[in-house]
$ cat target.tsv   # TSV, N, CA and C atoms
chain	number	residue	atom	x	y	z
Z	1	MET	N	0.82	-1.19	0.00
Z	1	MET	CA	0.00	0.00	0.00
Z	1	MET	C	0.87	1.26	0.00
Z	2	LYS	N	1.97	1.20	0.68
Z	2	LYS	CA	2.87	2.35	0.79
Z	2	LYS	C	3.41	2.77	-0.59
Z	3	TYR	N	3.38	1.88	-1.53
Z	3	TYR	CA	3.87	2.09	-2.89
Z	3	TYR	C	3.18	3.28	-3.56
Z	4	ILE	N	1.88	3.43	-3.37
Z	4	ILE	CA	1.11	4.48	-4.03
Z	4	ILE	C	1.35	5.86	-3.41
Z	5	PRO	N	1.12	6.03	-2.09
Z	5	PRO	CA	1.36	7.37	-1.52
Z	5	PRO	C	2.80	7.85	-1.67
Z	6	ASP	N	3.75	6.91	-1.75
Z	6	ASP	CA	5.15	7.29	-1.94
Z	6	ASP	C	5.47	7.62	-3.39
Z	7	ARG	N	4.44	7.58	-4.24
Z	7	ARG	CA	4.52	7.94	-5.66
Z	7	ARG	C	5.47	7.06	-6.48
Z	8	HIS	N	5.50	5.78	-6.14
Z	8	HIS	CA	6.30	4.83	-6.92
Z	8	HIS	C	5.48	4.22	-8.05
Z	9	GLY	N	4.19	4.43	-8.05
Z	9	GLY	CA	3.33	3.88	-9.08
Z	9	GLY	C	1.91	4.33	-8.90
Z	10	LYS	N	1.05	3.91	-9.83
Z	10	LYS	CA	-0.35	4.32	-9.79
Z	10	LYS	C	-1.29	3.18	-9.40
Z	11	ILE	N	-0.81	1.97	-9.48
Z	11	ILE	CA	-1.65	0.82	-9.18
Z	11	ILE	C	-0.92	-0.09	-8.19
Z	12	CYS	N	-1.65	-0.53	-7.20
Z	12	CYS	CA	-1.12	-1.45	-6.21
Z	12	CYS	C	-2.14	-2.58	-6.05
Z	13	TYR	N	-1.68	-3.79	-5.95
Z	13	TYR	CA	-2.58	-4.93	-5.81
Z	13	TYR	C	-2.15	-5.75	-4.60
Z	14	ALA	N	-3.08	-5.97	-3.70
Z	14	ALA	CA	-2.80	-6.81	-2.53
Z	14	ALA	C	-3.76	-8.00	-2.57
Z	15	LEU	N	-3.22	-9.17	-2.68
Z	15	LEU	CA	-4.03	-10.38	-2.71
Z	15	LEU	C	-4.23	-10.85	-1.27
Z	16	VAL	N	-5.32	-10.42	-0.68
Z	16	VAL	CA	-5.65	-10.79	0.68
Z	16	VAL	C	-7.08	-11.33	0.69
Z	17	ARG	N	-7.28	-12.35	1.48
Z	17	ARG	CA	-8.60	-12.96	1.56
Z	17	ARG	C	-8.93	-13.22	3.00
Z	18	PRO	N	-10.00	-12.73	3.55
Z	18	PRO	CA	-11.01	-11.89	2.91
Z	18	PRO	C	-10.59	-10.44	2.95
Z	19	PRO	N	-11.35	-9.55	2.24
Z	19	PRO	CA	-11.01	-8.14	2.30
Z	19	PRO	C	-11.25	-7.56	3.69
Z	20	GLY	N	-11.98	-8.28	4.51
Z	20	GLY	CA	-12.20	-7.87	5.88
Z	20	GLY	C	-13.28	-6.84	6.06
Z	21	HIS	N	-14.12	-6.66	5.05
Z	21	HIS	CA	-15.09	-5.57	5.06
Z	21	HIS	C	-16.17	-5.67	6.15
Z	22	HIS	N	-16.26	-6.78	6.84
Z	22	HIS	CA	-17.22	-6.90	7.95
Z	22	HIS	C	-16.58	-6.55	9.30
Z	23	ALA	N	-15.26	-6.60	9.39
Z	23	ALA	CA	-14.58	-6.27	10.65
Z	23	ALA	C	-14.78	-4.79	10.95
Z	24	GLN	N	-15.32	-4.53	12.12
Z	24	GLN	CA	-15.62	-3.16	12.53
Z	24	GLN	C	-14.44	-2.59	13.32
Z	25	PRO	N	-14.43	-1.29	13.53
Z	25	PRO	CA	-13.31	-0.69	14.28
Z	25	PRO	C	-13.13	-1.25	15.68
Z	26	THR	N	-14.22	-1.75	16.30
Z	26	THR	CA	-14.11	-2.22	17.69
Z	26	THR	C	-14.35	-3.71	17.86
Z	27	GLN	N	-14.67	-4.43	16.77
Z	27	GLN	CA	-14.91	-5.87	16.93
Z	27	GLN	C	-14.85	-6.61	15.60
Z	28	ALA	N	-14.53	-7.91	15.70
Z	28	ALA	CA	-14.56	-8.78	14.53
Z	28	ALA	C	-16.01	-9.06	14.19
Z	29	ASP	N	-16.26	-9.37	12.91
Z	29	ASP	CA	-17.63	-9.65	12.47
Z	29	ASP	C	-17.57	-10.38	11.13
Z	30	GLY	N	-18.56	-11.20	10.88
Z	30	GLY	CA	-18.68	-11.86	9.58
Z	30	GLY	C	-17.44	-12.62	9.14
Z	31	TYR	N	-16.80	-13.34	10.06
Z	31	TYR	CA	-15.58	-14.10	9.79
Z	31	TYR	C	-14.39	-13.22	9.44
Z	32	CYS	N	-14.49	-11.93	9.69
Z	32	CYS	CA	-13.40	-10.99	9.41
Z	32	CYS	C	-12.86	-10.46	10.73
Z	33	PHE	N	-11.55	-10.58	10.91
Z	33	PHE	CA	-10.90	-10.10	12.12
Z	33	PHE	C	-10.13	-8.80	11.88
Z	34	LEU	N	-9.68	-8.60	10.67
Z	34	LEU	CA	-8.89	-7.44	10.31
Z	34	LEU	C	-9.47	-6.86	9.03
Z	35	ASN	N	-9.79	-5.59	9.03
Z	35	ASN	CA	-10.39	-4.95	7.86
Z	35	ASN	C	-9.28	-4.40	6.97
Z	36	ASN	N	-8.82	-5.24	6.05
Z	36	ASN	CA	-7.73	-4.85	5.16
Z	36	ASN	C	-8.09	-3.64	4.31
Z	37	ALA	N	-9.33	-3.60	3.81
Z	37	ALA	CA	-9.78	-2.46	3.00
Z	37	ALA	C	-9.78	-1.19	3.84
Z	38	GLY	N	-10.30	-1.27	5.05
Z	38	GLY	CA	-10.34	-0.11	5.94
Z	38	GLY	C	-8.95	0.38	6.31
Z	39	LEU	N	-8.04	-0.55	6.55
Z	39	LEU	CA	-6.66	-0.17	6.87
Z	39	LEU	C	-6.00	0.53	5.68
Z	40	ALA	N	-6.28	0.05	4.48
Z	40	ALA	CA	-5.73	0.70	3.27
Z	40	ALA	C	-6.27	2.12	3.14
Z	41	VAL	N	-7.56	2.29	3.40
Z	41	VAL	CA	-8.17	3.62	3.32
Z	41	VAL	C	-7.54	4.55	4.36
Z	42	GLN	N	-7.43	4.09	5.59
Z	42	GLN	CA	-6.87	4.93	6.64
Z	42	GLN	C	-5.42	5.28	6.36
Z	43	TYR	N	-4.66	4.33	5.84
Z	43	TYR	CA	-3.27	4.60	5.49
Z	43	TYR	C	-3.20	5.68	4.40
Z	44	ALA	N	-4.08	5.58	3.41
Z	44	ALA	CA	-4.11	6.57	2.34
Z	44	ALA	C	-4.41	7.96	2.90
Z	45	LEU	N	-5.41	8.05	3.78
Z	45	LEU	CA	-5.75	9.34	4.38
Z	45	LEU	C	-4.58	9.88	5.21
Z	46	ASP	N	-3.98	9.01	6.00
Z	46	ASP	CA	-2.84	9.42	6.83
Z	46	ASP	C	-1.64	9.84	5.99
Z	47	SER	N	-1.57	9.35	4.75
Z	47	SER	CA	-0.45	9.67	3.86
Z	47	SER	C	-0.72	10.91	3.02
Z	48	GLY	N	-1.87	11.55	3.25
Z	48	GLY	CA	-2.14	12.80	2.54
Z	48	GLY	C	-3.22	12.76	1.48
Z	49	CYS	N	-3.79	11.60	1.20
Z	49	CYS	CA	-4.89	11.55	0.24
Z	49	CYS	C	-6.06	12.35	0.79
Z	50	LYS	N	-6.67	13.14	-0.05
Z	50	LYS	CA	-7.79	13.98	0.39
Z	50	LYS	C	-9.12	13.22	0.33
Z	51	ARG	N	-9.28	12.34	-0.67
Z	51	ARG	CA	-10.53	11.61	-0.85
Z	51	ARG	C	-10.23	10.19	-1.33
Z	52	VAL	N	-10.88	9.22	-0.69
Z	52	VAL	CA	-10.70	7.82	-1.06
Z	52	VAL	C	-12.08	7.21	-1.29
Z	53	ALA	N	-12.25	6.52	-2.39
Z	53	ALA	CA	-13.50	5.80	-2.67
Z	53	ALA	C	-13.27	4.32	-2.46
Z	54	VAL	N	-14.23	3.66	-1.82
Z	54	VAL	CA	-14.18	2.22	-1.62
Z	54	VAL	C	-15.27	1.60	-2.46
Z	55	ILE	N	-14.89	0.73	-3.36
Z	55	ILE	CA	-15.84	0.00	-4.19
Z	55	ILE	C	-15.82	-1.44	-3.71
Z	56	ASP	N	-16.94	-1.90	-3.20
Z	56	ASP	CA	-17.05	-3.26	-2.67
Z	56	ASP	C	-18.05	-4.02	-3.53
Z	57	ILE	N	-17.59	-5.06	-4.20
Z	57	ILE	CA	-18.49	-5.76	-5.12
Z	57	ILE	C	-19.05	-7.05	-4.53
Z	58	ASP	N	-18.93	-7.23	-3.25
Z	58	ASP	CA	-19.50	-8.39	-2.59
Z	58	ASP	C	-21.02	-8.23	-2.48
Z	59	VAL	N	-21.74	-9.35	-2.34
Z	59	VAL	CA	-23.20	-9.25	-2.21
Z	59	VAL	C	-23.63	-8.83	-0.82
Z	60	HIS	N	-22.73	-8.88	0.16
Z	60	HIS	CA	-23.06	-8.45	1.50
Z	60	HIS	C	-22.60	-7.00	1.72
Z	61	TYR	N	-23.32	-6.32	2.57
Z	61	TYR	CA	-22.99	-4.94	2.92
Z	61	TYR	C	-21.65	-4.88	3.64
Z	62	GLU	N	-20.84	-3.94	3.30
Z	62	GLU	CA	-19.51	-3.75	3.89
Z	62	GLU	C	-19.62	-3.00	5.21
Z	63	ASN	N	-20.33	-3.56	6.15
Z	63	ASN	CA	-20.66	-2.86	7.39
Z	63	ASN	C	-19.44	-2.36	8.16
Z	64	GLY	N	-18.38	-3.13	8.20
Z	64	GLY	CA	-17.20	-2.71	8.95
Z	64	GLY	C	-16.49	-1.53	8.32
Z	65	THR	N	-16.29	-1.59	7.01
Z	65	THR	CA	-15.63	-0.47	6.32
Z	65	THR	C	-16.48	0.78	6.41
Z	66	ALA	N	-17.77	0.64	6.17
Z	66	ALA	CA	-18.67	1.80	6.23
Z	66	ALA	C	-18.69	2.40	7.63
Z	67	GLU	N	-18.76	1.55	8.66
Z	67	GLU	CA	-18.80	2.06	10.03
Z	67	GLU	C	-17.54	2.85	10.37
Z	68	GLY	N	-16.42	2.38	9.90
Z	68	GLY	CA	-15.16	3.06	10.20
Z	68	GLY	C	-15.08	4.47	9.63
Z	69	PHE	N	-15.82	4.73	8.56
Z	69	PHE	CA	-15.75	6.04	7.91
Z	69	PHE	C	-17.13	6.68	7.77
Z	70	TYR	N	-18.06	6.25	8.60
Z	70	TYR	CA	-19.46	6.66	8.51
Z	70	TYR	C	-19.66	8.16	8.70
Z	71	ARG	N	-18.79	8.79	9.44
Z	71	ARG	CA	-18.92	10.22	9.72
Z	71	ARG	C	-17.90	11.06	8.94
Z	72	SER	N	-17.30	10.46	7.94
Z	72	SER	CA	-16.25	11.14	7.18
Z	72	SER	C	-16.74	11.54	5.79
Z	73	ASP	N	-16.42	12.75	5.39
Z	73	ASP	CA	-16.72	13.19	4.02
Z	73	ASP	C	-15.49	13.03	3.11
Z	74	LYS	N	-14.46	12.34	3.63
Z	74	LYS	CA	-13.25	12.09	2.85
Z	74	LYS	C	-13.24	10.70	2.24
Z	75	VAL	N	-14.24	9.87	2.63
Z	75	VAL	CA	-14.29	8.49	2.15
Z	75	VAL	C	-15.69	8.20	1.62
Z	76	LEU	N	-15.76	7.74	0.40
Z	76	LEU	CA	-17.02	7.33	-0.21
Z	76	LEU	C	-17.11	5.82	-0.13
Z	77	THR	N	-18.12	5.31	0.57
Z	77	THR	CA	-18.32	3.86	0.68
Z	77	THR	C	-19.69	3.53	0.12
Z	78	GLY	N	-19.94	2.25	-0.09
Z	78	GLY	CA	-21.23	1.83	-0.63
Z	78	GLY	C	-21.88	0.79	0.24
Z	79	GLY	N	-23.20	0.71	0.16
Z	79	GLY	CA	-23.91	-0.29	0.95
Z	79	GLY	C	-25.41	-0.19	0.80
Z	80	ILE	N	-26.09	-0.83	1.69
Z	80	ILE	CA	-27.54	-0.91	1.65
Z	80	ILE	C	-28.12	-0.22	2.87
Z	81	ASN	N	-29.06	0.67	2.66
Z	81	ASN	CA	-29.83	1.33	3.71
Z	81	ASN	C	-28.98	2.17	4.66
Z	82	LYS	N	-27.88	2.64	4.22
Z	82	LYS	CA	-27.03	3.51	5.04
Z	82	LYS	C	-26.66	4.72	4.21
Z	83	LEU	N	-26.72	5.90	4.80
Z	83	LEU	CA	-26.42	7.12	4.06
Z	83	LEU	C	-25.25	7.91	4.63
Z	84	GLY	N	-24.81	7.56	5.82
Z	84	GLY	CA	-23.76	8.31	6.48
Z	84	GLY	C	-24.36	9.19	7.56
Z	85	GLU	N	-23.47	9.86	8.29
Z	85	GLU	CA	-23.94	10.65	9.42
Z	85	GLU	C	-23.01	11.85	9.61
Z	86	GLY	N	-23.55	12.97	10.07
Z	86	GLY	CA	-22.74	14.16	10.28
Z	86	GLY	C	-22.09	14.60	8.97
Z	87	ALA	N	-20.80	14.90	9.02
Z	87	ALA	CA	-20.08	15.31	7.81
Z	87	ALA	C	-20.10	14.20	6.75
Z	88	GLY	N	-20.30	12.96	7.18
Z	88	GLY	CA	-20.32	11.83	6.27
Z	88	GLY	C	-21.66	11.57	5.59
Z	89	PHE	N	-22.69	12.38	5.91
Z	89	PHE	CA	-24.00	12.16	5.30
Z	89	PHE	C	-23.91	12.35	3.78
Z	90	GLY	N	-24.38	11.36	3.05
Z	90	GLY	CA	-24.32	11.39	1.60
Z	90	GLY	C	-23.07	10.74	1.02
Z	91	PHE	N	-22.16	10.31	1.89
Z	91	PHE	CA	-20.93	9.69	1.41
Z	91	PHE	C	-20.93	8.17	1.60
Z	92	ASN	N	-22.08	7.63	1.93
Z	92	ASN	CA	-22.27	6.19	2.01
Z	92	ASN	C	-23.41	5.86	1.07
Z	93	LEU	N	-23.10	5.27	-0.06
Z	93	LEU	CA	-24.10	5.00	-1.09
Z	93	LEU	C	-25.15	4.01	-0.62
Z	94	ASN	N	-26.35	4.17	-1.11
Z	94	ASN	CA	-27.46	3.27	-0.81
Z	94	ASN	C	-27.92	2.67	-2.13
Z	95	VAL	N	-27.49	1.45	-2.41
Z	95	VAL	CA	-27.85	0.79	-3.67
Z	95	VAL	C	-28.43	-0.58	-3.37
Z	96	PRO	N	-29.66	-0.64	-2.86
Z	96	PRO	CA	-30.26	-1.94	-2.57
Z	96	PRO	C	-30.66	-2.66	-3.86
Z	97	LEU	N	-30.31	-3.92	-3.93
Z	97	LEU	CA	-30.70	-4.74	-5.08
Z	97	LEU	C	-31.59	-5.87	-4.58
Z	98	PRO	N	-32.69	-6.14	-5.27
Z	98	PRO	CA	-33.59	-7.20	-4.82
Z	98	PRO	C	-32.96	-8.59	-5.01
Z	99	ASN	N	-33.42	-9.54	-4.20
Z	99	ASN	CA	-32.97	-10.92	-4.38
Z	99	ASN	C	-33.22	-11.35	-5.81
Z	100	GLY	N	-32.29	-12.09	-6.35
Z	100	GLY	CA	-32.44	-12.59	-7.71
Z	100	GLY	C	-31.93	-11.65	-8.78
Z	101	THR	N	-31.37	-10.51	-8.37
Z	101	THR	CA	-30.82	-9.58	-9.35
Z	101	THR	C	-29.70	-10.28	-10.12
Z	102	ARG	N	-29.76	-10.21	-11.40
Z	102	ARG	CA	-28.76	-10.87	-12.26
Z	102	ARG	C	-27.70	-9.87	-12.73
Z	103	ASP	N	-26.83	-10.32	-13.60
Z	103	ASP	CA	-25.72	-9.50	-14.07
Z	103	ASP	C	-26.18	-8.15	-14.63
Z	104	ILE	N	-27.25	-8.14	-15.41
Z	104	ILE	CA	-27.70	-6.90	-16.05
Z	104	ILE	C	-28.11	-5.86	-15.01
Z	105	GLY	N	-28.79	-6.30	-13.95
Z	105	GLY	CA	-29.20	-5.38	-12.89
Z	105	GLY	C	-28.01	-4.87	-12.09
Z	106	TYR	N	-27.07	-5.76	-11.83
Z	106	TYR	CA	-25.86	-5.38	-11.10
Z	106	TYR	C	-25.05	-4.38	-11.91
Z	107	LYS	N	-24.91	-4.66	-13.21
Z	107	LYS	CA	-24.17	-3.77	-14.10
Z	107	LYS	C	-24.83	-2.39	-14.14
Z	108	CYS	N	-26.14	-2.36	-14.22
Z	108	CYS	CA	-26.88	-1.10	-14.24
Z	108	CYS	C	-26.64	-0.31	-12.96
Z	109	ALA	N	-26.73	-0.98	-11.80
Z	109	ALA	CA	-26.50	-0.30	-10.52
Z	109	ALA	C	-25.08	0.26	-10.45
Z	110	MET	N	-24.12	-0.51	-10.92
Z	110	MET	CA	-22.73	-0.05	-10.88
Z	110	MET	C	-22.51	1.14	-11.80
Z	111	THR	N	-22.98	1.05	-13.05
Z	111	THR	CA	-22.70	2.12	-14.01
Z	111	THR	C	-23.56	3.36	-13.78
Z	112	GLU	N	-24.81	3.17	-13.40
Z	112	GLU	CA	-25.72	4.31	-13.26
Z	112	GLU	C	-25.63	4.99	-11.89
Z	113	VAL	N	-25.24	4.27	-10.86
Z	113	VAL	CA	-25.21	4.86	-9.52
Z	113	VAL	C	-23.78	4.97	-9.01
Z	114	VAL	N	-23.10	3.83	-8.90
Z	114	VAL	CA	-21.78	3.82	-8.26
Z	114	VAL	C	-20.74	4.59	-9.07
Z	115	VAL	N	-20.62	4.30	-10.35
Z	115	VAL	CA	-19.61	4.98	-11.17
Z	115	VAL	C	-19.86	6.49	-11.21
Z	116	ARG	N	-21.11	6.87	-11.35
Z	116	ARG	CA	-21.43	8.31	-11.36
Z	116	ARG	C	-21.06	8.98	-10.04
Z	117	ALA	N	-21.37	8.31	-8.94
Z	117	ALA	CA	-21.05	8.88	-7.62
Z	117	ALA	C	-19.54	9.00	-7.42
Z	118	VAL	N	-18.81	7.98	-7.86
Z	118	VAL	CA	-17.35	8.01	-7.72
Z	118	VAL	C	-16.77	9.14	-8.57
Z	119	ARG	N	-17.26	9.29	-9.78
Z	119	ARG	CA	-16.76	10.39	-10.64
Z	119	ARG	C	-17.03	11.75	-10.01
Z	120	LYS	N	-18.22	11.92	-9.46
Z	120	LYS	CA	-18.58	13.19	-8.82
Z	120	LYS	C	-17.71	13.43	-7.58
Z	121	PHE	N	-17.43	12.37	-6.82
Z	121	PHE	CA	-16.60	12.45	-5.62
Z	121	PHE	C	-15.16	12.79	-5.97
Z	122	ASP	N	-14.70	12.33	-7.14
Z	122	ASP	CA	-13.36	12.61	-7.65
Z	122	ASP	C	-12.26	12.22	-6.66
Z	123	PRO	N	-12.17	10.90	-6.35
Z	123	PRO	CA	-11.19	10.47	-5.35
Z	123	PRO	C	-9.76	10.53	-5.84
Z	124	ASN	N	-8.83	10.70	-4.88
Z	124	ASN	CA	-7.41	10.62	-5.18
Z	124	ASN	C	-6.96	9.16	-5.25
Z	125	MET	N	-7.72	8.29	-4.59
Z	125	MET	CA	-7.38	6.87	-4.56
Z	125	MET	C	-8.67	6.06	-4.45
Z	126	MET	N	-8.64	4.86	-5.03
Z	126	MET	CA	-9.77	3.94	-4.92
Z	126	MET	C	-9.28	2.62	-4.35
Z	127	VAL	N	-10.08	2.07	-3.45
Z	127	VAL	CA	-9.79	0.76	-2.86
Z	127	VAL	C	-10.92	-0.17	-3.28
Z	128	PHE	N	-10.58	-1.29	-3.88
Z	128	PHE	CA	-11.58	-2.27	-4.30
Z	128	PHE	C	-11.55	-3.45	-3.33
Z	129	ALA	N	-12.68	-3.70	-2.71
Z	129	ALA	CA	-12.83	-4.87	-1.84
Z	129	ALA	C	-13.61	-5.90	-2.64
Z	130	VAL	N	-12.98	-7.01	-2.92
Z	130	VAL	CA	-13.60	-8.00	-3.79
Z	130	VAL	C	-13.92	-9.26	-2.99
Z	131	GLY	N	-15.08	-9.24	-2.34
Z	131	GLY	CA	-15.56	-10.44	-1.66
Z	131	GLY	C	-16.00	-11.45	-2.70
Z	132	GLN	N	-16.00	-12.69	-2.36
Z	132	GLN	CA	-16.30	-13.73	-3.34
Z	132	GLN	C	-17.69	-14.35	-3.18
Z	133	ASP	N	-18.50	-13.83	-2.27
Z	133	ASP	CA	-19.83	-14.41	-2.08
Z	133	ASP	C	-20.66	-14.35	-3.33
Z	134	SER	N	-20.49	-13.32	-4.13
Z	134	SER	CA	-21.29	-13.16	-5.34
Z	134	SER	C	-20.95	-14.19	-6.41
Z	135	SER	N	-19.78	-14.82	-6.30
Z	135	SER	CA	-19.40	-15.81	-7.31
Z	135	SER	C	-20.25	-17.08	-7.21
Z	136	ALA	N	-20.93	-17.26	-6.08
Z	136	ALA	CA	-21.77	-18.44	-5.90
Z	136	ALA	C	-23.16	-18.25	-6.48
Z	137	VAL	N	-23.50	-17.01	-6.84
Z	137	VAL	CA	-24.84	-16.71	-7.34
Z	137	VAL	C	-24.96	-17.07	-8.79
$ encode --input "target.tsv" --output "structure tokens"
Amino acid sequence: MKYIPDRHGKICYALVRPPGHHAQPTQADGYCFLNNAGLAVQYALDSGCKRVAVIDIDVHYENGTAEGFYRSDKVLTGGINKLGEGAGFGFNLNVPLPNGTRDIGYKCAMTEVVVRAVRKFDPNMMVFAVGQDSSAV
């Protein structure tokens, strides 16, 4: 992760499983003990990034990552039925998809809602949390 803020490159890839998106700042959750995505976001902010977007493509809500930055307007996260709080209001996307949503619906939600929001947010860095639960659908 240090590779990017130190300006050695533009892309960094960390193969970690799971992304830890359920681990909350104060407790483990959803088989996640360490929130790798959240740690990457915090490191980016601490290294001077002004805005970080988190794109989580898992079928479950990224409750741990969202909770860690729920009151921040420097981090754009996504999820279901959460909008953010305080300065963070509006920086937690709400993209509920009904059960049985197939590829076309998922693609529409990503391109019409998530991509547009990320472009408007104009992040200095993006963190992708790639949970694998959706691969079973």
$ residues_around --input "target.tsv" --residues "Z:Asp46" --least-positions-apart "6" --cutoff "12 Å" --atoms "only C-alpha atoms" --output "PyMOL selection string"
chain Z and resi 1-2+5+39-40+52+74
$ closest_residue --input "target.tsv" --among "Z:Gly84, Z:Arg7, Z:Gln42, Z:Lys50" --to "Z:Ala66" --atoms "only N, CA and C atoms"
Z:Gly84
$ atom_distance --input "target.tsv" --atom1 "atom C of Z:Gly78" --atom2 "atom N of Z:Asp6"
26.4 Å
$ residues_near_point --input "target.tsv" --point "(-8.1, 10.9, -6.5)" --cutoff "7 Å" --atoms "only N, CA and C atoms" --output "PyMOL selection string"
chain Z and resi 50-52+122-126
$ atom_distance --input "target.tsv" --atom1 "atom C of Z:Met110" --atom2 "atom C of Z:Val95"
10.4 Å
$ select_by_dssp --input "target.tsv" --residues "stretch 65-120 of chain Z" --states "helix (DSSP H, G or I)" --output "ChimeraX atom specification"
/Z:65-68,86-88,103-120
$ closest_residue --input "target.tsv" --among "Z:Asn36, Z:Gln27, Z:Thr111, Z:Ser72" --to "Z:Ala87" --atoms "all atoms listed in the file"
Z:Ser72
$ decode --input "target.tsv" --residues "stretch 99-110 of chain Z" --atoms "N, CA, C and O atoms" --output "tab-separated table (two decimals), in the first residue's frame"
chain	number	residue	atom	x	y	z
Z	99	ASN	N	-33.42	-9.54	-4.20
Z	99	ASN	CA	-32.97	-10.92	-4.38
Z	99	ASN	C	-33.22	-11.35	-5.81
Z	99	ASN	O	-34.23	-11.00	-6.41
Z	100	GLY	N	-32.29	-12.09	-6.35
Z	100	GLY	CA	-32.44	-12.59	-7.71
Z	100	GLY	C	-31.93	-11.65	-8.78
Z	100	GLY	O	-32.03	-11.94	-9.96
Z	101	THR	N	-31.37	-10.51	-8.37
Z	101	THR	CA	-30.82	-9.58	-9.35
Z	101	THR	C	-29.70	-10.28	-10.12
Z	101	THR	O	-28.82	-10.88	-9.53
Z	102	ARG	N	-29.76	-10.21	-11.40
Z	102	ARG	CA	-28.76	-10.87	-12.26
Z	102	ARG	C	-27.70	-9.87	-12.73
Z	102	ARG	O	-27.72	-8.70	-12.34
Z	103	ASP	N	-26.83	-10.32	-13.60
Z	103	ASP	CA	-25.72	-9.50	-14.07
Z	103	ASP	C	-26.18	-8.15	-14.63
Z	103	ASP	O	-25.56	-7.12	-14.36
Z	104	ILE	N	-27.25	-8.14	-15.41
Z	104	ILE	CA	-27.70	-6.90	-16.05
Z	104	ILE	C	-28.11	-5.86	-15.01
Z	104	ILE	O	-27.81	-4.68	-15.13
Z	105	GLY	N	-28.79	-6.30	-13.95
Z	105	GLY	CA	-29.20	-5.38	-12.89
Z	105	GLY	C	-28.01	-4.87	-12.09
Z	105	GLY	O	-27.95	-3.70	-11.73
Z	106	TYR	N	-27.07	-5.76	-11.83
Z	106	TYR	CA	-25.86	-5.38	-11.10
Z	106	TYR	C	-25.05	-4.38	-11.91
Z	106	TYR	O	-24.58	-3.37	-11.40
Z	107	LYS	N	-24.91	-4.66	-13.21
Z	107	LYS	CA	-24.17	-3.77	-14.10
Z	107	LYS	C	-24.83	-2.39	-14.14
Z	107	LYS	O	-24.14	-1.36	-14.09
Z	108	CYS	N	-26.14	-2.36	-14.22
Z	108	CYS	CA	-26.88	-1.10	-14.24
Z	108	CYS	C	-26.64	-0.31	-12.96
Z	108	CYS	O	-26.37	0.90	-13.00
Z	109	ALA	N	-26.73	-0.98	-11.80
Z	109	ALA	CA	-26.50	-0.30	-10.52
Z	109	ALA	C	-25.08	0.26	-10.45
Z	109	ALA	O	-24.86	1.39	-9.99
Z	110	MET	N	-24.12	-0.51	-10.92
Z	110	MET	CA	-22.73	-0.05	-10.88
Z	110	MET	C	-22.51	1.14	-11.80
Z	110	MET	O	-21.92	2.15	-11.39
